[in-house]
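Structure file upload37.txt; described as compact mmCIF, C-alpha atoms.
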```
# COMPACT_ATOMS: atom_id res chain seq x y z
CA MET A 1 28.74 -19.23 17.51
CA ARG A 2 28.62 -20.09 13.81
CA TRP A 3 27.54 -16.54 12.99
CA ASP A 4 31.17 -15.45 13.52
CA SER A 5 32.30 -17.24 10.39
CA GLN A 6 29.54 -15.56 8.38
CA LYS A 7 30.62 -11.94 8.72
CA VAL A 8 30.41 -10.12 5.40
CA ASP A 9 33.94 -8.74 5.55
CA ARG A 10 35.24 -12.25 6.09
CA ASP A 11 33.38 -14.35 3.54
CA LYS A 12 30.69 -12.66 1.47
CA GLY A 13 29.78 -15.72 -0.54
CA ARG A 14 28.79 -18.06 2.25
CA SER A 15 25.30 -18.63 3.59
CA LEU A 16 23.73 -18.14 6.98
CA PRO A 17 23.74 -21.26 9.15
CA GLY A 18 20.55 -23.17 8.51
CA LEU A 19 19.49 -20.81 5.73
CA ASP A 20 20.65 -21.64 2.22
CA VAL A 21 20.79 -18.08 0.93
CA GLU A 22 23.39 -15.46 0.12
CA ARG A 23 24.36 -13.08 2.93
CA VAL A 24 24.46 -9.45 1.79
CA ARG A 25 25.42 -7.53 4.93
CA THR A 26 24.90 -7.36 8.68
CA PHE A 27 24.54 -4.14 10.63
CA ASP A 28 22.97 -2.79 13.79
CA ALA A 29 20.45 0.02 14.03
CA PRO A 30 20.90 2.11 17.19
CA GLU A 31 17.44 3.62 16.77
CA ALA A 32 15.94 0.10 16.77
CA LEU A 33 16.70 -0.91 20.37
CA GLY A 34 20.03 -2.54 19.56
CA ILE A 35 18.66 -4.84 16.87
CA ASN A 36 21.03 -6.41 14.35
CA PHE A 37 19.77 -6.81 10.80
CA HIS A 38 21.11 -9.61 8.62
CA GLU A 39 20.31 -8.85 5.00
CA VAL A 40 20.16 -11.91 2.76
CA ARG A 41 19.18 -12.73 -0.80
CA ALA A 42 16.65 -15.55 -0.73
CA LYS A 43 16.13 -18.13 -3.47
CA SER A 44 12.32 -18.06 -3.41
CA ALA A 45 9.47 -16.00 -2.01
CA LEU A 46 6.44 -18.31 -2.04
CA ASN A 47 6.38 -21.08 0.57
CA LYS A 48 4.15 -24.10 0.00
CA VAL A 49 2.13 -25.04 3.09
CA PRO A 50 2.27 -28.79 3.71
CA GLY A 51 -1.00 -30.66 4.18
CA ASP A 52 -4.48 -29.21 3.91
CA TYR A 53 -5.26 -28.11 7.45
CA LEU A 54 -5.03 -24.37 6.72
CA PRO A 55 -7.31 -22.24 4.50
CA PHE A 56 -4.36 -21.28 2.28
CA ASN A 57 -1.60 -23.12 0.44
CA TRP A 58 0.99 -20.39 0.06
CA THR A 59 2.72 -17.97 2.40
CA VAL A 60 5.35 -15.24 2.12
CA ASN A 61 7.69 -14.33 4.97
CA ALA A 62 10.15 -11.53 4.27
CA PHE A 63 11.62 -11.67 7.78
CA ARG A 64 13.02 -14.25 10.18
CA GLY A 65 12.73 -13.15 13.79
CA CYS A 66 10.50 -10.35 15.04
CA ALA A 67 11.24 -7.18 16.96
CA HIS A 68 7.74 -7.16 18.48
CA ALA A 69 9.18 -9.48 21.16
CA CYS A 70 5.88 -11.15 22.08
CA VAL A 71 6.64 -13.58 24.89
CA TYR A 72 4.23 -16.17 23.49
CA CYS A 73 5.24 -16.06 19.79
CA PHE A 74 4.95 -19.54 18.29
CA ALA A 75 7.61 -18.74 15.65
CA ARG A 76 10.42 -18.33 18.17
CA ASN A 77 11.77 -21.84 17.75
CA THR A 78 12.50 -21.25 14.04
CA HIS A 79 15.48 -19.13 15.07
CA THR A 80 17.23 -22.18 16.51
CA TYR A 81 17.66 -23.40 12.92
CA LEU A 82 20.08 -20.49 12.47
CA ASP A 83 22.15 -21.39 15.54
CA LEU A 84 20.41 -18.55 17.36
CA ASP A 85 18.27 -18.84 20.45
CA ALA A 86 14.49 -18.54 20.66
CA GLY A 87 14.72 -15.81 23.29
CA LYS A 88 16.59 -12.52 22.86
CA ASP A 89 18.14 -13.54 19.52
CA PHE A 90 14.67 -13.99 18.01
CA GLU A 91 13.90 -10.39 19.00
CA ARG A 92 17.24 -8.76 18.15
CA GLU A 93 18.80 -10.75 15.28
CA ILE A 94 16.40 -10.09 12.41
CA VAL A 95 16.94 -11.72 9.02
CA VAL A 96 15.68 -9.55 6.14
CA LYS A 97 15.17 -11.16 2.73
CA VAL A 98 15.84 -8.02 0.74
CA ASN A 99 15.06 -9.52 -2.68
CA VAL A 100 11.66 -11.02 -1.80
CA PRO A 101 9.64 -8.45 -3.82
CA GLU A 102 11.46 -9.22 -7.07
CA LEU A 103 11.26 -12.96 -6.42
CA LEU A 104 7.53 -12.79 -5.70
CA ARG A 105 6.88 -10.80 -8.87
CA ALA A 106 8.72 -13.40 -10.95
CA GLU A 107 7.01 -16.37 -9.29
CA LEU A 108 3.52 -14.90 -9.64
CA ALA A 109 4.18 -14.14 -13.32
CA LYS A 110 4.84 -17.79 -14.18
CA PRO A 111 2.21 -19.40 -16.45
CA SER A 112 1.88 -22.20 -13.89
CA TRP A 113 0.68 -19.82 -11.14
CA LYS A 114 -2.99 -20.55 -10.42
CA ARG A 115 -3.79 -17.38 -8.46
CA GLU A 116 -4.26 -19.19 -5.16
CA LEU A 117 -4.60 -17.32 -1.88
CA VAL A 118 -1.27 -16.03 -0.51
CA ALA A 119 -1.09 -15.36 3.24
CA PHE A 120 1.23 -12.91 5.01
CA GLY A 121 1.85 -12.92 8.77
CA THR A 122 1.69 -16.67 9.29
CA ASN A 123 5.15 -16.78 10.87
CA THR A 124 6.55 -13.36 11.78
CA ASP A 125 4.79 -10.01 11.38
CA PRO A 126 5.10 -8.53 7.87
CA TYR A 127 4.64 -5.04 9.35
CA GLN A 128 7.16 -5.25 12.18
CA TRP A 129 9.57 -2.34 12.80
CA ALA A 130 11.92 -3.28 9.93
CA GLU A 131 9.15 -2.93 7.33
CA GLY A 132 8.99 0.79 8.06
CA LYS A 133 12.59 1.03 6.85
CA TYR A 134 12.76 -1.60 4.11
CA GLU A 135 9.27 -1.07 2.61
CA LEU A 136 9.11 -4.58 1.16
CA MET A 137 5.32 -4.81 1.21
CA PRO A 138 4.33 -2.11 -1.34
CA PRO A 139 6.07 -3.76 -4.33
CA MET A 140 4.70 -7.13 -3.26
CA ILE A 141 1.14 -5.80 -3.09
CA GLU A 142 1.64 -4.33 -6.57
CA ALA A 143 2.80 -7.75 -7.85
CA LEU A 144 -0.28 -9.37 -6.31
CA GLN A 145 -2.51 -6.78 -7.95
CA GLU A 146 -0.89 -7.22 -11.37
CA THR A 147 -1.49 -10.98 -11.23
CA GLU A 148 -4.93 -10.74 -9.58
CA THR A 149 -3.80 -12.90 -6.66
CA PRO A 150 -6.06 -13.11 -3.57
CA THR A 151 -4.33 -12.17 -0.35
CA SER A 152 -4.78 -12.19 3.43
CA ILE A 153 -2.73 -10.24 5.96
CA LEU A 154 -2.40 -10.82 9.70
CA THR A 155 -0.53 -8.22 11.73
CA LYS A 156 -0.23 -6.52 15.10
CA SER A 157 0.84 -3.25 13.52
CA SER A 158 -1.08 -0.17 12.45
CA LEU A 159 1.76 0.46 9.98
CA VAL A 160 -0.32 -1.55 7.50
CA THR A 161 -2.57 1.51 7.01
CA ARG A 162 0.34 3.08 5.11
CA ASP A 163 -0.54 0.71 2.25
CA LEU A 164 -4.33 1.13 2.35
CA ASP A 165 -4.51 2.63 -1.15
CA LEU A 166 -2.51 -0.27 -2.58
CA TYR A 167 -4.84 -2.78 -0.93
CA LEU A 168 -7.79 -0.95 -2.48
CA GLU A 169 -6.24 -1.37 -5.93
CA LEU A 170 -5.71 -5.07 -5.21
CA ALA A 171 -9.31 -5.39 -3.99
CA GLU A 172 -10.56 -4.27 -7.39
CA VAL A 173 -9.23 -7.46 -8.98
CA ALA A 174 -8.89 -10.06 -6.18
CA ASP A 175 -10.18 -10.93 -2.72
CA VAL A 176 -8.13 -9.33 0.03
CA SER A 177 -8.50 -9.12 3.82
CA VAL A 178 -6.35 -7.33 6.38
CA ASN A 179 -6.78 -8.73 9.89
CA PHE A 180 -5.36 -7.84 13.28
CA SER A 181 -4.29 -9.69 16.39
CA VAL A 182 -5.48 -7.90 19.54
CA PRO A 183 -4.93 -10.04 22.64
CA THR A 184 -5.65 -7.35 25.21
CA LEU A 185 -6.39 -3.67 25.77
CA ASP A 186 -4.99 -3.70 29.30
CA GLU A 187 -1.93 -1.42 29.30
CA LYS A 188 0.10 -3.45 31.78
CA ILE A 189 -0.58 -6.82 30.16
CA TRP A 190 0.11 -5.38 26.72
CA ARG A 191 3.50 -3.99 27.75
CA GLN A 192 4.45 -7.18 29.58
CA THR A 193 3.54 -9.65 26.86
CA GLU A 194 4.18 -7.81 23.54
CA PRO A 195 6.42 -4.90 24.54
CA HIS A 196 7.40 -3.52 21.13
CA THR A 197 4.10 -3.68 19.30
CA PRO A 198 1.99 -0.63 18.37
CA HIS A 199 -0.81 0.17 20.81
CA PRO A 200 -3.70 -2.32 20.51
CA ARG A 201 -6.24 0.50 20.27
CA LYS A 202 -4.41 1.74 17.17
CA ARG A 203 -4.96 -1.70 15.66
CA LEU A 204 -8.69 -1.48 16.28
CA GLU A 205 -8.70 1.98 14.69
CA ALA A 206 -7.03 0.35 11.69
CA VAL A 207 -9.79 -2.30 11.59
CA ALA A 208 -12.32 0.51 11.25
CA ALA A 209 -10.24 2.29 8.60
CA PHE A 210 -9.97 -0.79 6.41
CA ASN A 211 -13.64 -1.72 6.73
CA GLU A 212 -14.74 1.81 6.01
CA ALA A 213 -12.53 1.83 2.90
CA GLY A 214 -14.04 -1.45 1.72
CA ILE A 215 -11.32 -3.93 2.73
CA PRO A 216 -12.67 -6.73 4.97
CA SER A 217 -10.91 -6.64 8.33
CA GLY A 218 -11.41 -8.86 11.36
CA VAL A 219 -9.88 -9.44 14.79
CA LEU A 220 -8.19 -12.38 16.46
CA VAL A 221 -8.27 -12.11 20.24
CA ALA A 222 -5.21 -14.27 20.47
CA PRO A 223 -3.62 -15.74 22.30
CA LEU A 224 -5.91 -15.87 25.30
CA MET A 225 -3.72 -16.76 28.28
CA PRO A 226 -5.40 -18.27 31.35
CA GLY A 227 -5.29 -15.92 34.30
CA ILE A 228 -3.61 -13.17 32.29
CA ASN A 229 -5.88 -11.71 29.59
CA ASP A 230 -8.91 -14.01 29.76
CA SER A 231 -11.05 -11.83 31.99
CA PRO A 232 -14.57 -11.75 30.47
CA GLU A 233 -14.65 -7.98 30.93
CA LEU A 234 -11.35 -7.49 29.08
CA VAL A 235 -12.40 -9.76 26.23
CA GLU A 236 -15.83 -8.14 25.88
CA GLU A 237 -14.22 -4.70 25.58
CA ILE A 238 -12.22 -5.89 22.55
CA VAL A 239 -15.27 -7.53 20.97
CA SER A 240 -17.42 -4.42 21.46
CA ILE A 241 -14.87 -2.07 19.91
CA ALA A 242 -14.22 -4.52 17.05
CA GLU A 243 -17.97 -4.70 16.45
CA GLU A 244 -18.17 -0.90 16.26
CA ALA A 245 -15.28 -1.00 13.79
CA GLY A 246 -17.28 -3.27 11.50
CA ALA A 247 -15.05 -6.31 12.08
CA THR A 248 -15.94 -9.11 9.69
CA PHE A 249 -15.12 -11.63 12.42
CA VAL A 250 -13.86 -11.79 15.99
CA ASN A 251 -12.33 -15.11 17.07
CA GLY A 252 -10.52 -16.18 20.22
CA ILE A 253 -7.66 -18.69 20.32
CA ALA A 254 -6.13 -20.21 23.43
CA LEU A 255 -2.39 -19.99 24.04
CA HIS A 256 -0.36 -22.91 22.79
CA LEU A 257 3.22 -23.54 23.87
CA ARG A 258 5.40 -25.60 21.55
CA PRO A 259 9.01 -26.43 22.45
CA GLY A 260 11.18 -23.33 22.23
CA VAL A 261 8.47 -20.81 22.95
CA LYS A 262 7.39 -22.77 26.03
CA GLU A 263 10.74 -22.23 27.71
CA VAL A 264 10.73 -18.51 26.90
CA PHE A 265 7.14 -18.05 28.05
CA MET A 266 7.58 -20.00 31.30
CA SER A 267 10.72 -18.04 32.11
CA TRP A 268 8.76 -14.81 31.66
CA LEU A 269 5.85 -16.18 33.69
CA SER A 270 8.14 -17.15 36.58
CA ALA A 271 9.35 -13.55 36.77
CA ALA A 272 6.13 -11.66 36.01
CA ARG A 273 3.41 -13.95 37.43
CA PRO A 274 4.96 -16.62 39.65
CA ASP A 275 1.53 -17.26 41.15
CA LEU A 276 0.40 -18.72 37.82
CA VAL A 277 3.30 -21.14 37.32
CA PRO A 278 1.59 -24.13 39.01
CA ARG A 279 -1.54 -23.56 36.92
CA TYR A 280 0.42 -23.50 33.66
CA ASP A 281 2.48 -26.51 34.69
CA GLY A 282 -0.78 -28.40 35.03
CA LEU A 283 -2.33 -27.08 31.81
CA TYR A 284 0.69 -27.56 29.55
CA GLN A 285 2.50 -30.48 31.13
CA ASP A 286 3.76 -32.74 28.33
CA ARG A 287 1.54 -30.97 25.81
CA ALA A 288 1.62 -27.90 23.54
CA TYR A 289 -2.12 -27.22 23.70
CA ALA A 290 -4.30 -26.66 26.73
CA PRO A 291 -6.81 -29.42 27.55
CA SER A 292 -9.97 -29.37 25.43
CA ALA A 293 -12.13 -28.21 28.34
CA GLU A 294 -9.88 -25.19 28.86
CA ARG A 295 -9.87 -24.38 25.14
CA LYS A 296 -13.66 -24.62 25.10
CA ARG A 297 -13.91 -22.28 28.10
CA ILE A 298 -11.64 -19.73 26.42
CA GLY A 299 -13.47 -19.98 23.11
CA SER A 300 -16.77 -19.23 24.84
CA LEU A 301 -15.41 -15.90 26.09
CA VAL A 302 -15.57 -14.38 22.61
CA ARG A 303 -19.09 -13.77 21.41
CA THR A 304 -19.89 -13.51 17.73
CA PRO A 305 -20.34 -9.85 16.83
CA ASN A 306 -23.20 -8.58 14.73
CA LEU A 307 -21.88 -7.95 11.25
CA SER A 308 -22.04 -4.23 10.64
CA HIS A 309 -24.72 -2.92 8.28
CA ASP A 310 -23.49 0.63 8.79
CA PRO A 311 -23.59 2.46 5.44
CA ARG A 312 -19.97 3.48 5.98
CA TYR A 313 -19.02 -0.09 5.09
CA SER A 314 -21.11 -0.37 1.93
CA ARG A 315 -18.02 0.06 -0.22
CA ARG A 316 -16.90 -3.38 0.93
CA ALA A 317 -19.99 -4.88 -0.69
CA ARG A 318 -19.55 -2.78 -3.83
CA LEU A 319 -15.94 -3.88 -4.25
CA GLU A 320 -16.94 -7.51 -3.91
CA ALA A 321 -19.77 -7.09 -6.43
CA ARG A 322 -17.41 -5.52 -8.95
CA ARG A 323 -14.94 -8.37 -8.54
CA ARG A 324 -17.64 -10.97 -9.08
CA GLU A 325 -18.91 -9.17 -12.20
CA ARG A 326 -15.37 -9.00 -13.52
CA GLU A 327 -14.81 -12.71 -12.89
CA ALA A 328 -18.10 -13.62 -14.55
CA ALA A 329 -17.25 -11.56 -17.62
CA ALA A 330 -13.81 -13.14 -17.88
CA ALA A 331 -15.32 -16.63 -17.64
CA LYS A 332 -17.67 -16.13 -20.61
CA PRO A 333 -16.36 -17.82 -23.78
CA GLU A 334 -15.58 -15.54 -26.66
CA VAL A 335 -18.07 -15.75 -29.51
CA GLY A 336 -16.30 -16.28 -32.82
CA GLN A 337 -17.34 -14.33 -35.92
CA THR A 338 -19.78 -16.21 -38.13
CA LYS A 339 -18.37 -16.90 -41.58
CA LEU A 340 -20.63 -16.85 -44.66
CA PHE A 341 -18.03 -18.36 -46.99
```
What is this structure when it is put down as structure tokens?
Amino acid sequence: MRWDSQKVDRDKGRSLPGLDVERVRTFDAPEALGINFHEVRAKSALNKVPGDYLPFNWTVNAFRGCAHACVYCFARNTHTYLDLDAGKDFEREIVVKVNVPELLRAELAKPSWKRELVAFGTNTDPYQWAEGKYELMPPMIEALQETETPTSILTKSSLVTRDLDLYLELAEVADVSVNFSVPTLDEKIWRQTEPHTPHPRKRLEAVAAFNEAGIPSGVLVAPLMPGINDSPELVEEIVSIAEEAGATFVNGIALHLRPGVKEVFMSWLSAARPDLVPRYDGLYQDRAYAPSAERKRIGSLVRTPNLSHDPRYSRRARLEARRREREAAAAKPEVGQTKLF
């Protein structure tokens, strides 16, 4: 495999296959389930999103690969660009861009930066296991706060609560939301489909913690997998708890299977739920997305929660009001001194 020619002790100056960056070092972490970490120095932090189909134009991804090992992860195929496979390599060969915080600070400080929304968690989880060791997020949140840059986070990890105080500082000057993916509360399904993620109930506790502190936090019940976690009773339990936690939204998204992840998912399905293989063959034959009727059925499982008016969440409204007052004051033109002579 081309990784062999990239070992640090052999050629420190060369790049990773498919990734035009400088390799720093590679090492394994016995306490991390046999994961290998490939530290690299990236050339940029902000990624421009092509097109206009997403509600944000910029993303940051400090990691390639994800130790959460979700069988359905849509980002799996990106590992094939590194001459690694979308299966076990995606879960155990983690690329860490160790200089992303300093790059982000420099890019946000440029006069050309227009303070557009920056999204984290659009590819791999920014709060996966490695973040607990590398702590890349705190300096990035500080850079966002210093430049008053709006931010959204999507994660499956309660580790994000470590940075709650930093998000509160950011919320004083810019819009920020911290959202969570919670596909199921069923213990068996959780362990089968996303084996190395924090417990989903911990994520819902984090939703409550962020909303109570004043940071908007919602829930994606995603992906919803036909015959696996789409029981109305299972879905309603998530919605009810999210509602109690003051979730700003609860949305459901049907599973989609692009090339790369499809092979991994179907291999898992054949072993774990062979009875469902014919159904999935029919739903996803020659397509990445389920038929529209199936997507509509799945979407209808998730009811819209009542937005919480609990006084515990009033700080959220106060933070937003202060931001709007600050923006209005900054937008007022300065009045020049009147000259008599």
Give the answer as one residue: which of A:Val239, A:Val277, A:Ala330, A:Ala321 has the shortest atom-to-atom distance to Leu301 in chain A, using all atoms listed in the file?
A:Val239
Rounded to one decimal, what separation in Å do you get between CA of Lys156 in chain A and CA of Gln285 in chain A?
29.0 Å
Can you find the residues with an atom no farther than 12 Å from (-3.7, -15.9, 28.0), counting all atoms listed in the file, and report them as JSON, numbers by chain?
{"A": [71, 72, 182, 183, 184, 189, 190, 193, 221, 222, 223, 224, 225, 226, 227, 228, 229, 230, 231, 232, 234, 235, 252, 253, 254, 255, 256, 257, 265, 269, 273, 276, 279, 280, 283, 290, 294, 295, 298, 299, 301]}
Report as a list in words all protein, DNA and RNA residues lying within 8 Å of Glu148 in chain A, evaluated on all atoms listed in the file, omitting residues in the same chain fewer than 2 positions from it.
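Those residues are Arg115, Leu144, Gln145, Glu146, Pro150, Leu170, Val173 and Ala174 of chain A.
Residues surrounding Arg201 in chain A within 10 Å are Ser158, Val182, Thr184, Leu185, Ala206, Val207, Ile238, Ile241 and Ala242 of chain A [all atoms listed in the file; sequence separation below 5 positions excluded].
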Interface rows for range 204-287 of chain A against range 79-85 of chain A: nearest pair, Å to one decimal, 12 Å, all atoms listed in the file, as JSON lines:
```
{"residue": "A:Pro259", "atom": "CA", "partner": "A:Thr80", "partner_atom": "CA", "distance": 11.0}
{"residue": "A:Gly260", "atom": "CA", "partner": "A:Thr80", "partner_atom": "CA", "distance": 8.4}
{"residue": "A:Val261", "atom": "CA", "partner": "A:Asp85", "partner_atom": "CA", "distance": 10.3}
{"residue": "A:Glu263", "atom": "CA", "partner": "A:Asp85", "partner_atom": "CA", "distance": 11.0}
{"residue": "A:Val264", "atom": "CA", "partner": "A:Asp85", "partner_atom": "CA", "distance": 9.9}
```
Exercise: Leu164 in chain A partners within 9 Å, all atoms listed in the file, chain neighbours under 3 positions left out, as a PyMOL selection string:
chain A and resi 160-161+167-169+209-210+213+215
Keeping only C-alpha atoms, write those residues as a PDB file, in the coordinates of the input.
```pdb
ATOM      1  CA  VAL A 160      -0.320  -1.550   7.500  1.00  0.00           C
ATOM      2  CA  THR A 161      -2.570   1.510   7.010  1.00  0.00           C
ATOM      3  CA  TYR A 167      -4.840  -2.780  -0.930  1.00  0.00           C
ATOM      4  CA  LEU A 168      -7.790  -0.950  -2.480  1.00  0.00           C
ATOM      5  CA  GLU A 169      -6.240  -1.370  -5.930  1.00  0.00           C
ATOM      6  CA  ALA A 209     -10.240   2.290   8.600  1.00  0.00           C
ATOM      7  CA  PHE A 210      -9.970  -0.790   6.410  1.00  0.00           C
ATOM      8  CA  ALA A 213     -12.530   1.830   2.900  1.00  0.00           C
ATOM      9  CA  ILE A 215     -11.320  -3.930   2.730  1.00  0.00           C
TER      10      ILE A 215
END
```
Every residue with an atom at most 7 Å from (7.9, -9.5, 21.7) (file coordinates; all atoms listed in the file) is what I'm after, so could you write them as a tab-separated table (two decimals) with C-alpha atoms, keeping the file's coordinate frame?
```
chain	number	residue	atom	x	y	z
A	67	ALA	CA	11.24	-7.18	16.96
A	68	HIS	CA	7.74	-7.16	18.48
A	69	ALA	CA	9.18	-9.48	21.16
A	70	CYS	CA	5.88	-11.15	22.08
A	71	VAL	CA	6.64	-13.58	24.89
A	91	GLU	CA	13.90	-10.39	19.00
A	193	THR	CA	3.54	-9.65	26.86
A	194	GLU	CA	4.18	-7.81	23.54
A	195	PRO	CA	6.42	-4.90	24.54
A	196	HIS	CA	7.40	-3.52	21.13
```
Which residue of A:Leu154, A:Phe74, A:Pro139, A:Trp58 approaches Val118 in chain A most closely, using only C-alpha atoms:
A:Trp58
Please enclose the listed atoms of range 281-288 of chain A in an axis-aligned box, pad each side by 6 Å, and write out the centre and the three edge lengths in Å, rounded to one decimal, as AutoDock Vina command-line options.
```
--center_x 0.7 --center_y -29.6 --center_z 29.3 --size_x 18.1 --size_y 18.2 --size_z 23.5
```
